>>> print(open('data.pdb').read())   # PDB, C-alpha atoms
ATOM      1  CA  MET A   1       0.000   0.000   0.000
ATOM      2  CA  ASP A   2       1.367   3.388  -1.018
ATOM      3  CA  ILE A   3       0.122   6.510   0.793
ATOM      4  CA  ARG A   4       1.019   9.835  -0.818
ATOM      5  CA  HIS A   5      -0.220  13.420  -0.828
ATOM      6  CA  ALA A   6      -3.418  13.994  -2.798
ATOM      7  CA  GLU A   7      -3.282  15.598  -6.225
ATOM      8  CA  SER A   8      -5.997  17.608  -7.930
ATOM      9  CA  SER A   9      -6.461  14.868 -10.516
ATOM     10  CA  ASP A  10      -7.262  12.306  -7.786
ATOM     11  CA  HIS A  11     -10.649  13.952  -7.326
ATOM     12  CA  ALA A  12     -12.152  12.294 -10.401
ATOM     13  CA  ARG A  13     -11.184   8.817  -9.174
ATOM     14  CA  VAL A  14     -12.656   9.467  -5.747
ATOM     15  CA  ALA A  15     -15.812  11.132  -7.116
ATOM     16  CA  ALA A  16     -16.479   8.061  -9.274
ATOM     17  CA  VAL A  17     -16.626   5.676  -6.296
ATOM     18  CA  ILE A  18     -17.525   7.730  -3.237
ATOM     19  CA  ASP A  19     -21.297   7.107  -3.304
ATOM     20  CA  ASP A  20     -20.669   3.352  -3.593
ATOM     21  CA  TRP A  21     -18.145   3.373  -0.765
ATOM     22  CA  TRP A  22     -20.770   5.041   1.456
ATOM     23  CA  GLY A  23     -23.329   2.321   0.678
ATOM     24  CA  GLY A  24     -25.240   4.358  -1.902
ATOM     25  CA  ARG A  25     -25.544   7.604   0.086
ATOM     26  CA  GLN A  26     -25.195  10.723  -2.068
ATOM     27  CA  MET A  27     -21.820  11.988  -0.870
ATOM     28  CA  ARG A  28     -20.157  13.339  -4.007
ATOM     29  CA  ASP A  29     -21.406  16.908  -3.711
ATOM     30  CA  MET A  30     -19.873  17.156  -0.247
ATOM     31  CA  LEU A  31     -16.376  16.662  -1.619
ATOM     32  CA  PRO A  32     -15.682  19.220  -4.366
ATOM     33  CA  ARG A  33     -12.353  19.126  -6.120
ATOM     34  CA  LEU A  34     -11.020  22.089  -4.158
ATOM     35  CA  PHE A  35     -10.053  19.771  -1.278
ATOM     36  CA  PHE A  36      -7.691  17.868  -3.578
ATOM     37  CA  THR A  37      -6.334  21.045  -5.154
ATOM     38  CA  HIS A  38      -5.877  23.478  -2.295
ATOM     39  CA  PHE A  39      -5.264  21.224   0.730
ATOM     40  CA  ARG A  40      -2.750  18.780  -0.750
ATOM     41  CA  ASP A  41      -0.323  18.948   2.164
ATOM     42  CA  THR A  42      -2.967  17.671   4.598
ATOM     43  CA  SER A  43      -4.795  15.306   2.209
ATOM     44  CA  PHE A  44      -3.709  11.812   1.246
ATOM     45  CA  VAL A  45      -4.474   9.061  -1.249
ATOM     46  CA  ALA A  46      -3.713   5.357  -0.764
ATOM     47  CA  GLU A  47      -3.115   3.087  -3.740
ATOM     48  CA  ASP A  48      -2.771  -0.678  -3.769
ATOM     49  CA  GLY A  49       0.074  -2.500  -5.520
ATOM     50  CA  ASP A  50      -1.687  -2.181  -8.880
ATOM     51  CA  GLY A  51      -2.237   1.567  -8.559
ATOM     52  CA  GLY A  52      -5.933   1.131  -7.741
ATOM     53  CA  LEU A  53      -7.584   3.602  -5.391
ATOM     54  CA  ALA A  54      -7.657   2.024  -1.917
ATOM     55  CA  GLY A  55      -8.517   5.021   0.246
ATOM     56  CA  PHE A  56      -8.239   8.749   0.781
ATOM     57  CA  LEU A  57      -8.328  11.415   3.476
ATOM     58  CA  CYS A  58      -9.132  15.107   2.928
ATOM     59  CA  GLY A  59      -8.223  17.457   5.743
ATOM     60  CA  PHE A  60      -6.967  20.975   6.313
ATOM     61  CA  LEU A  61      -5.485  23.366   8.838
ATOM     62  CA  SER A  62      -8.136  25.592  10.414
ATOM     63  CA  GLN A  63      -7.718  29.252   9.498
ATOM     64  CA  THR A  64      -9.940  30.370  12.376
ATOM     65  CA  TYR A  65      -8.293  28.280  15.096
ATOM     66  CA  PRO A  66      -4.510  28.231  14.725
ATOM     67  CA  GLY A  67      -4.154  25.191  17.015
ATOM     68  CA  GLN A  68      -6.658  23.042  15.142
ATOM     69  CA  ALA A  69      -6.642  20.758  12.146
ATOM     70  CA  TYR A  70      -9.823  19.294  10.662
ATOM     71  CA  VAL A  71     -10.625  16.105   8.750
ATOM     72  CA  HIS A  72     -13.470  16.534   6.278
ATOM     73  CA  PHE A  73     -13.573  13.071   4.705
ATOM     74  CA  VAL A  74     -11.873   9.723   5.067
ATOM     75  CA  GLY A  75     -12.847   6.713   2.986
ATOM     76  CA  VAL A  76     -11.542   3.224   2.315
ATOM     77  CA  ALA A  77     -12.553   0.900  -0.542
ATOM     78  CA  PRO A  78     -14.892  -1.851   0.727
ATOM     79  CA  GLU A  79     -12.423  -4.604  -0.270
ATOM     80  CA  GLN A  80      -9.603  -2.889   1.648
ATOM     81  CA  ARG A  81     -11.391  -2.479   4.960
ATOM     82  CA  ARG A  82     -10.422  -4.011   8.327
ATOM     83  CA  ALA A  83      -6.697  -3.833   7.501
ATOM     84  CA  GLY A  84      -5.887  -0.577   9.310
ATOM     85  CA  LEU A  85      -5.757   1.699   6.266
ATOM     86  CA  ALA A  86      -8.024   4.412   7.699
ATOM     87  CA  ARG A  87      -5.814   4.489  10.789
ATOM     88  CA  ASP A  88      -2.705   4.770   8.591
ATOM     89  CA  LEU A  89      -4.270   7.668   6.660
ATOM     90  CA  TYR A  90      -5.087   9.399   9.946
ATOM     91  CA  GLU A  91      -1.519   8.838  11.203
ATOM     92  CA  ARG A  92      -0.191  10.604   8.109
ATOM     93  CA  PHE A  93      -2.592  13.455   8.751
ATOM     94  CA  PHE A  94      -1.630  13.667  12.451
ATOM     95  CA  THR A  95       2.044  13.896  11.438
ATOM     96  CA  ALA A  96       1.340  16.656   8.904
ATOM     97  CA  ALA A  97      -0.817  18.576  11.379
ATOM     98  CA  ARG A  98       1.802  18.323  14.143
ATOM     99  CA  ALA A  99       4.490  19.502  11.706
ATOM    100  CA  ALA A 100       2.304  22.563  11.045
ATOM    101  CA  GLY A 101       2.135  23.300  14.774
ATOM    102  CA  ARG A 102      -1.407  22.047  15.385
ATOM    103  CA  THR A 103      -2.299  20.570  18.766
ATOM    104  CA  SER A 104      -5.745  19.050  18.110
ATOM    105  CA  VAL A 105      -7.666  17.368  15.298
ATOM    106  CA  HIS A 106     -11.400  17.735  14.857
ATOM    107  CA  CYS A 107     -14.046  16.077  12.722
ATOM    108  CA  VAL A 108     -17.784  15.480  12.657
ATOM    109  CA  THR A 109     -19.782  12.399  11.787
ATOM    110  CA  SER A 110     -23.405  11.343  11.666
ATOM    111  CA  PRO A 111     -24.810   9.878  14.915
ATOM    112  CA  ARG A 112     -26.236   7.046  12.774
ATOM    113  CA  ASN A 113     -22.739   6.106  11.621
ATOM    114  CA  THR A 114     -21.879   3.914  14.593
ATOM    115  CA  GLY A 115     -18.965   2.317  12.736
ATOM    116  CA  SER A 116     -17.360   5.717  12.227
ATOM    117  CA  LEU A 117     -17.922   6.678  15.871
ATOM    118  CA  ALA A 118     -16.327   3.472  17.138
ATOM    119  CA  PHE A 119     -13.376   3.822  14.760
ATOM    120  CA  HIS A 120     -12.652   7.397  15.802
ATOM    121  CA  GLN A 121     -12.772   6.475  19.483
ATOM    122  CA  ARG A 122     -10.341   3.576  18.850
ATOM    123  CA  ILE A 123      -7.792   5.992  17.371
ATOM    124  CA  GLY A 124      -8.046   8.440  20.250
ATOM    125  CA  PHE A 125     -10.918  10.794  19.420
ATOM    126  CA  GLU A 126     -13.361  11.787  22.129
ATOM    127  CA  ILE A 127     -16.961  12.896  21.673
ATOM    128  CA  GLU A 128     -17.316  16.599  22.416
ATOM    129  CA  ALA A 129     -21.022  17.026  21.651
ATOM    130  CA  GLU A 130     -23.933  15.853  19.533
ATOM    131  CA  VAL A 131     -25.579  18.822  17.839
ATOM    132  CA  GLU A 132     -29.022  18.571  16.274
ATOM    133  CA  GLY A 133     -29.210  20.181  12.844
ATOM    134  CA  TYR A 134     -25.460  20.919  12.888
ATOM    135  CA  ASP A 135     -25.175  20.721   9.091
ATOM    136  CA  GLY A 136     -28.684  22.014   8.408
ATOM    137  CA  ALA A 137     -32.190  20.834   9.272
ATOM    138  CA  GLY A 138     -32.246  17.069   9.799
ATOM    139  CA  GLU A 139     -28.472  16.776   9.628
ATOM    140  CA  SER A 140     -27.324  16.108  13.180
ATOM    141  CA  ARG A 141     -23.634  15.586  13.813
ATOM    142  CA  VAL A 142     -21.398  14.200  16.536
ATOM    143  CA  LEU A 143     -18.392  16.485  17.086
ATOM    144  CA  LEU A 144     -15.154  14.610  17.771
ATOM    145  CA  ALA A 145     -11.728  15.845  18.865
ATOM    146  CA  ARG A 146      -8.309  14.310  19.508
ATOM    147  CA  THR A 147      -5.256  15.899  21.092
ATOM    148  CA  LEU A 148      -2.044  15.624  19.072
TER     149      LEU A 148
ATOM    150  CA  MET B 149     -26.215  46.757   4.660
ATOM    151  CA  ASP B 150     -23.779  45.327   7.209
ATOM    152  CA  ILE B 151     -20.989  43.006   6.033
ATOM    153  CA  ARG B 152     -19.121  41.117   8.770
ATOM    154  CA  HIS B 153     -17.028  37.993   9.139
ATOM    155  CA  ALA B 154     -18.973  34.737   9.022
ATOM    156  CA  GLU B 155     -19.695  32.824  12.214
ATOM    157  CA  SER B 156     -20.261  29.108  12.593
ATOM    158  CA  SER B 157     -23.903  29.717  13.524
ATOM    159  CA  ASP B 158     -24.536  31.528  10.217
ATOM    160  CA  HIS B 159     -24.424  28.186   8.444
ATOM    161  CA  ALA B 160     -27.960  27.226   9.487
ATOM    162  CA  ARG B 161     -29.400  30.453   8.064
ATOM    163  CA  VAL B 162     -27.585  29.990   4.771
ATOM    164  CA  ALA B 163     -28.399  26.273   4.543
ATOM    165  CA  ALA B 164     -32.106  27.078   4.955
ATOM    166  CA  VAL B 165     -32.215  29.310   1.857
ATOM    167  CA  ILE B 166     -29.352  28.273  -0.417
ATOM    168  CA  ASP B 167     -31.353  25.924  -2.670
ATOM    169  CA  ASP B 168     -33.989  28.630  -3.195
ATOM    170  CA  TRP B 169     -31.370  31.275  -3.947
ATOM    171  CA  TRP B 170     -29.965  28.988  -6.652
ATOM    172  CA  GLY B 171     -33.366  28.600  -8.302
ATOM    173  CA  GLY B 172     -34.117  25.183  -6.790
ATOM    174  CA  ARG B 173     -30.755  23.522  -7.549
ATOM    175  CA  GLN B 174     -29.571  21.208  -4.760
ATOM    176  CA  MET B 175     -26.642  23.209  -3.415
ATOM    177  CA  ARG B 176     -26.759  22.656   0.333
ATOM    178  CA  ASP B 177     -24.491  19.600   0.445
ATOM    179  CA  MET B 178     -21.763  21.591  -1.297
ATOM    180  CA  LEU B 179     -21.504  24.017   1.590
ATOM    181  CA  PRO B 180     -20.927  22.129   4.841
ATOM    182  CA  ARG B 181     -20.670  24.075   8.057
ATOM    183  CA  LEU B 182     -16.878  23.782   8.157
ATOM    184  CA  PHE B 183     -16.564  26.759   5.800
ATOM    185  CA  PHE B 184     -18.309  28.978   8.366
ATOM    186  CA  THR B 185     -16.344  27.531  11.270
ATOM    187  CA  HIS B 186     -12.793  27.189  10.033
ATOM    188  CA  PHE B 187     -12.465  29.925   7.379
ATOM    189  CA  ARG B 188     -14.076  32.826   9.211
ATOM    190  CA  ASP B 189     -11.356  35.351   8.378
ATOM    191  CA  THR B 190     -11.964  34.930   4.649
ATOM    192  CA  SER B 191     -15.749  34.385   4.762
ATOM    193  CA  PHE B 192     -18.403  37.068   5.099
ATOM    194  CA  VAL B 193     -22.109  37.506   5.783
ATOM    195  CA  ALA B 194     -24.221  40.507   4.745
ATOM    196  CA  GLU B 195     -27.303  41.479   6.730
ATOM    197  CA  ASP B 196     -29.926  44.040   5.838
ATOM    198  CA  GLY B 197     -31.111  46.738   8.246
ATOM    199  CA  ASP B 198     -33.477  44.271   9.947
ATOM    200  CA  GLY B 199     -30.790  41.626  10.492
ATOM    201  CA  GLY B 200     -32.108  39.482   7.652
ATOM    202  CA  LEU B 201     -29.644  37.423   5.626
ATOM    203  CA  ALA B 202     -28.838  39.364   2.435
ATOM    204  CA  GLY B 203     -25.792  37.510   1.158
ATOM    205  CA  PHE B 204     -22.669  35.548   2.017
ATOM    206  CA  LEU B 205     -19.261  34.614   0.658
ATOM    207  CA  CYS B 206     -17.201  31.575   1.704
ATOM    208  CA  GLY B 207     -13.546  31.588   0.721
ATOM    209  CA  PHE B 208     -10.186  30.483   2.035
ATOM    210  CA  LEU B 209      -6.438  30.799   1.617
ATOM    211  CA  SER B 210      -4.980  27.962  -0.440
ATOM    212  CA  GLN B 211      -2.661  25.713   1.575
ATOM    213  CA  THR B 212      -1.111  24.243  -1.557
ATOM    214  CA  TYR B 213      -0.431  27.533  -3.351
ATOM    215  CA  PRO B 214       0.807  30.213  -0.960
ATOM    216  CA  GLY B 215       0.029  33.024  -3.419
ATOM    217  CA  GLN B 216      -3.573  32.006  -3.999
ATOM    218  CA  ALA B 217      -6.923  32.552  -2.349
ATOM    219  CA  TYR B 218     -10.072  30.720  -3.431
ATOM    220  CA  VAL B 219     -13.776  31.572  -3.333
ATOM    221  CA  HIS B 220     -15.989  28.505  -2.898
ATOM    222  CA  PHE B 221     -19.432  30.137  -2.752
ATOM    223  CA  VAL B 222     -20.987  33.558  -3.065
ATOM    224  CA  GLY B 223     -24.734  34.112  -2.899
ATOM    225  CA  VAL B 224     -27.132  37.052  -2.667
ATOM    226  CA  ALA B 225     -30.823  36.923  -1.713
ATOM    227  CA  PRO B 226     -33.031  37.321  -4.818
ATOM    228  CA  GLU B 227     -34.603  40.530  -3.461
ATOM    229  CA  GLN B 228     -31.156  42.060  -2.846
ATOM    230  CA  ARG B 229     -29.715  41.484  -6.304
ATOM    231  CA  ARG B 230     -28.541  44.117  -8.796
ATOM    232  CA  ALA B 231     -27.403  46.457  -6.014
ATOM    233  CA  GLY B 232     -23.697  45.560  -6.013
ATOM    234  CA  LEU B 233     -23.702  43.350  -2.920
ATOM    235  CA  ALA B 234     -21.829  40.432  -4.495
ATOM    236  CA  ARG B 235     -19.171  42.899  -5.615
ATOM    237  CA  ASP B 236     -18.963  44.326  -2.076
ATOM    238  CA  LEU B 237     -18.578  40.823  -0.629
ATOM    239  CA  TYR B 238     -15.787  40.111  -3.108
ATOM    240  CA  GLU B 239     -14.074  43.405  -2.233
ATOM    241  CA  ARG B 240     -14.025  42.377   1.419
ATOM    242  CA  PHE B 241     -12.535  39.056   0.399
ATOM    243  CA  PHE B 242      -9.914  40.700  -1.844
ATOM    244  CA  THR B 243      -8.859  42.931   1.064
ATOM    245  CA  ALA B 244      -8.572  39.956   3.438
ATOM    246  CA  ALA B 245      -6.633  37.916   0.878
ATOM    247  CA  ARG B 246      -4.223  40.775   0.146
ATOM    248  CA  ALA B 247      -3.672  41.279   3.882
ATOM    249  CA  ALA B 248      -2.689  37.604   4.064
ATOM    250  CA  GLY B 249      -0.126  38.112   1.295
ATOM    251  CA  ARG B 250      -2.095  36.507  -1.518
ATOM    252  CA  THR B 251      -1.615  37.749  -5.079
ATOM    253  CA  SER B 252      -4.435  36.016  -6.950
ATOM    254  CA  VAL B 253      -7.999  34.846  -6.361
ATOM    255  CA  HIS B 254      -9.472  31.772  -8.008
ATOM    256  CA  CYS B 255     -12.917  30.261  -8.328
ATOM    257  CA  VAL B 256     -14.873  27.908 -10.567
ATOM    258  CA  THR B 257     -18.397  28.140 -11.940
ATOM    259  CA  SER B 258     -20.656  26.133 -14.192
ATOM    260  CA  PRO B 259     -20.428  26.979 -17.920
ATOM    261  CA  ARG B 260     -24.260  27.089 -17.916
ATOM    262  CA  ASN B 261     -24.217  29.868 -15.325
ATOM    263  CA  THR B 262     -23.765  32.735 -17.778
ATOM    264  CA  GLY B 263     -24.829  35.307 -15.180
ATOM    265  CA  SER B 264     -22.024  34.196 -12.879
ATOM    266  CA  LEU B 265     -19.487  34.234 -15.719
ATOM    267  CA  ALA B 266     -20.462  37.766 -16.752
ATOM    268  CA  PHE B 267     -20.383  38.990 -13.151
ATOM    269  CA  HIS B 268     -16.920  37.593 -12.493
ATOM    270  CA  GLN B 269     -15.563  39.152 -15.659
ATOM    271  CA  ARG B 270     -17.049  42.529 -14.659
ATOM    272  CA  ILE B 271     -15.120  42.453 -11.381
ATOM    273  CA  GLY B 272     -11.834  41.577 -13.028
ATOM    274  CA  PHE B 273     -11.731  37.790 -13.304
ATOM    275  CA  GLU B 274     -10.438  36.184 -16.485
ATOM    276  CA  ILE B 275     -11.329  32.758 -17.831
ATOM    277  CA  GLU B 276      -8.371  30.399 -17.499
ATOM    278  CA  ALA B 277      -9.958  27.240 -18.891
ATOM    279  CA  GLU B 278     -13.149  25.229 -19.222
ATOM    280  CA  VAL B 279     -12.618  21.700 -17.974
ATOM    281  CA  GLU B 280     -15.036  18.910 -18.781
ATOM    282  CA  GLY B 281     -15.875  16.769 -15.761
ATOM    283  CA  TYR B 282     -13.833  19.040 -13.487
ATOM    284  CA  ASP B 283     -15.995  18.256 -10.446
ATOM    285  CA  GLY B 284     -16.840  14.701 -11.511
ATOM    286  CA  ALA B 285     -18.614  13.137 -14.490
ATOM    287  CA  GLY B 286     -21.065  15.594 -16.053
ATOM    288  CA  GLU B 287     -19.872  18.471 -13.872
ATOM    289  CA  SER B 288     -17.890  20.766 -16.176
ATOM    290  CA  ARG B 289     -16.448  23.946 -14.728
ATOM    291  CA  VAL B 290     -15.032  27.231 -15.976
ATOM    292  CA  LEU B 291     -11.885  28.144 -14.058
ATOM    293  CA  LEU B 292     -11.558  31.855 -13.292
ATOM    294  CA  ALA B 293      -8.697  33.887 -11.849
ATOM    295  CA  ARG B 294      -8.111  37.503 -10.864
ATOM    296  CA  THR B 295      -4.860  39.195  -9.911
ATOM    297  CA  LEU B 296      -4.920  41.101  -6.622
TER     298      LEU B 296
END
>>> encode(input="data.pdb", output="structure tokens")
Amino acid sequence: MDIRHAESSDHARVAAVIDDWWGGRQMRDMLPRLFFTHFRDTSFVAEDGDGGLAGFLCGFLSQTYPGQAYVHFVGVAPEQRRAGLARDLYERFFTAARAAGRTSVHCVTSPRNTGSLAFHQRIGFEIEAEVEGYDGAGESRVLLARTL
Amino acid sequence: MDIRHAESSDHARVAAVIDDWWGGRQMRDMLPRLFFTHFRDTSFVAEDGDGGLAGFLCGFLSQTYPGQAYVHFVGVAPEQRRAGLARDLYERFFTAARAAGRTSVHCVTSPRNTGSLAFHQRIGFEIEAEVEGYDGAGESRVLLARTL
């Protein structure tokens, strides 16, 4: 498995599979190409030995909060799951965020996504709050944070 | 009209109207709350004399390209259009981007959105390219840039 910084052109490969990777949920609009173009140094793509897309992480350094970094999306191909790849992608992000002087990482997830909640707690995130309508009416979110 | 920096709580107000402001297009998923939370210093909200939402702009400083700033979304309430508010929002963004040492501003728009293309050219943007499938299959985009 090769993990490298994201490139703008990776967006098309991710956009083509993201709805499938999320079990048919409409996710593509939530991940415009700008994350692959303008946040390359805190975004990563994993490829298997054949160059196939195995996973990705899109994150950035908060402009508002100079101590914070934020992960917007992390995804792993269904056939690559349960092998630690999401954790490896996060470790790369933690390293990049620390190198940029950040002291905490934040993300949000849906309260229905119990797999995501359990995963984040395994890698050191703690639940800060659950906020009804956080991303608009009907879109509640659990806010998670991890110290670096 | 009062233009101020965006706050995280502004997201709910924008999310409630954004699809209507875009003539019924499904836009809300493209503007998650993170833009209002983590890019406050380059994002702005305009309120009319009664505190009603008149417009907003969400932009950020590129991490990948230290000379660039990027505008992700700008919107004006239908009843507030043709009074120069989008231009005023952009001027606030240009000032913030210059203060952060940026020398160019970039954005993308749909080639079908001729009103947006004409507006951006009026305020000094030039068309860099039109890229088929830029934001995924079927989602062509015109790339625009303006020197600061």
>>> closest_residue(input="data.pdb", among="A:Ala12, A:Ala6, A:Ala86, A:Val131", to="Val45 in chain A", atoms="all atoms listed in the file")
A:Ala6
>>> closest_atom_pairs(input="data.pdb", of="chain B", to="chain A", cutoff="6 Å", atoms="all atoms listed in the file", output="JSON lines")
{"residue": "B:Ala160", "atom": "CA", "partner": "A:Gly136", "partner_atom": "CA", "distance": 5.4}
{"residue": "B:Ala163", "atom": "CA", "partner": "A:Gly136", "partner_atom": "CA", "distance": 5.8}
{"residue": "B:Asp177", "atom": "CA", "partner": "A:Met30", "partner_atom": "CA", "distance": 5.3}
{"residue": "B:Met178", "atom": "CA", "partner": "A:Met30", "partner_atom": "CA", "distance": 4.9}
{"residue": "B:Arg181", "atom": "CA", "partner": "A:Asp135", "partner_atom": "CA", "distance": 5.7}
{"residue": "B:His186", "atom": "CA", "partner": "A:Thr64", "partner_atom": "CA", "distance": 4.9}
{"residue": "B:Phe187", "atom": "CA", "partner": "A:Gln63", "partner_atom": "CA", "distance": 5.2}
{"residue": "B:Arg188", "atom": "CA", "partner": "A:Thr64", "partner_atom": "CA", "distance": 5.8}
{"residue": "B:Ser210", "atom": "CA", "partner": "A:His38", "partner_atom": "CA", "distance": 4.9}
{"residue": "B:Gln211", "atom": "CA", "partner": "A:Phe39", "partner_atom": "CA", "distance": 5.3}
{"residue": "B:Thr212", "atom": "CA", "partner": "A:His38", "partner_atom": "CA", "distance": 4.9}
{"residue": "B:Asp283", "atom": "CA", "partner": "A:Arg33", "partner_atom": "CA", "distance": 5.7}
{"residue": "B:Gly284", "atom": "CA", "partner": "A:Ala12", "partner_atom": "CA", "distance": 5.4}
>>> atom_distance(input="data.pdb", atom1="CA of Phe241 in chain B", atom2="CA of Arg173 in chain B")
25.2 Å
>>> resolve_selection(input="data.pdb", expression="the PyMOL selection byres ((chain A and resi 87) around 12)", output="list in words")
Ile3, Ala46, Gly55, Phe56, Leu57, Val74, Gly75, Val76, Arg81, Arg82, Ala83, Gly84, Leu85, Ala86, Asp88, Leu89, Tyr90, Glu91, Arg92, Phe93, Phe94, Ser116, Phe119, His120, Gln121, Arg122, Ile123, Gly124 and Phe125 of chain A
>>> closest_residue(input="data.pdb", among="B:Asp168, B:Asp150, B:Gly286, B:Glu278", to="Ala202 in chain B", atoms="all atoms listed in the file")
B:Asp150
>>> atom_distance(input="data.pdb", atom1="CA of Phe192 in chain B", atom2="CA of Arg152 in chain B")
5.5 Å
>>> axis_aligned_box(input="data.pdb", around="range 56-63 of chain A", padding_each_side="3 Å", output="lines of an AutoDock Vina configuration file")
center_x = -7.3
center_y = 19.0
center_z = 5.6
size_x = 9.6
size_y = 26.5
size_z = 15.6
>>> atom_distance(input="data.pdb", atom1="CA of Trp22 in chain A", atom2="CA of Ser104 in chain A")
26.4 Å
>>> residues_around(input="data.pdb", residues="range 126-128 of chain A", least_positions_apart="2", cutoff="6 Å", atoms="all atoms listed in the file", output="PyMOL selection string")
chain A and resi 121+143-145
>>> resolve_selection(input="data.pdb", expression="the PyMOL selection byres ((chain B and resi 296) around 9)", output="list in words")
Phe242, Thr243, Ala245, Arg246, Arg250, Thr251, Ser252, Val253, Arg294 and Thr295 of chain B
>>> decode(input="data.pdb", residues="range 4-20 of chain A", atoms="N, CA and C atoms", output="tab-separated table (two decimals), in the first residue's frame")
chain	number	residue	atom	x	y	z
A	4	ARG	N	0.33	8.63	-0.34
A	4	ARG	CA	1.02	9.84	-0.82
A	4	ARG	C	0.08	11.03	-0.68
A	5	HIS	N	0.62	12.23	-0.85
A	5	HIS	CA	-0.22	13.42	-0.83
A	5	HIS	C	-1.21	13.38	-2.00
A	6	ALA	N	-2.40	13.92	-1.75
A	6	ALA	CA	-3.42	13.99	-2.80
A	6	ALA	C	-2.97	14.95	-3.90
A	7	GLU	N	-3.47	14.68	-5.10
A	7	GLU	CA	-3.28	15.60	-6.23
A	7	GLU	C	-4.66	15.98	-6.76
A	8	SER	N	-4.72	17.12	-7.42
A	8	SER	CA	-6.00	17.61	-7.93
A	8	SER	C	-6.68	16.55	-8.80
A	9	SER	N	-5.89	15.85	-9.59
A	9	SER	CA	-6.46	14.87	-10.52
A	9	SER	C	-7.02	13.64	-9.80
A	10	ASP	N	-6.68	13.43	-8.53
A	10	ASP	CA	-7.26	12.31	-7.79
A	10	ASP	C	-8.76	12.48	-7.57
A	11	HIS	N	-9.23	13.72	-7.62
A	11	HIS	CA	-10.65	13.95	-7.33
A	11	HIS	C	-11.57	13.11	-8.20
A	12	ALA	N	-11.27	13.03	-9.48
A	12	ALA	CA	-12.15	12.29	-10.40
A	12	ALA	C	-12.27	10.83	-10.00
A	13	ARG	N	-11.15	10.23	-9.57
A	13	ARG	CA	-11.18	8.82	-9.17
A	13	ARG	C	-12.02	8.63	-7.91
A	14	VAL	N	-11.88	9.56	-6.99
A	14	VAL	CA	-12.66	9.47	-5.75
A	14	VAL	C	-14.13	9.73	-6.02
A	15	ALA	N	-14.42	10.77	-6.83
A	15	ALA	CA	-15.81	11.13	-7.12
A	15	ALA	C	-16.55	9.97	-7.77
A	16	ALA	N	-15.84	9.17	-8.55
A	16	ALA	CA	-16.48	8.06	-9.27
A	16	ALA	C	-16.92	6.93	-8.35
A	17	VAL	N	-16.34	6.82	-7.17
A	17	VAL	CA	-16.63	5.68	-6.30
A	17	VAL	C	-17.23	6.07	-4.95
A	18	ILE	N	-17.22	7.35	-4.62
A	18	ILE	CA	-17.53	7.73	-3.24
A	18	ILE	C	-18.94	7.32	-2.82
A	19	ASP	N	-19.93	7.48	-3.69
A	19	ASP	CA	-21.30	7.11	-3.30
A	19	ASP	C	-21.38	5.60	-3.02
A	20	ASP	N	-20.69	4.80	-3.84
A	20	ASP	CA	-20.67	3.35	-3.59
A	20	ASP	C	-19.99	3.03	-2.27
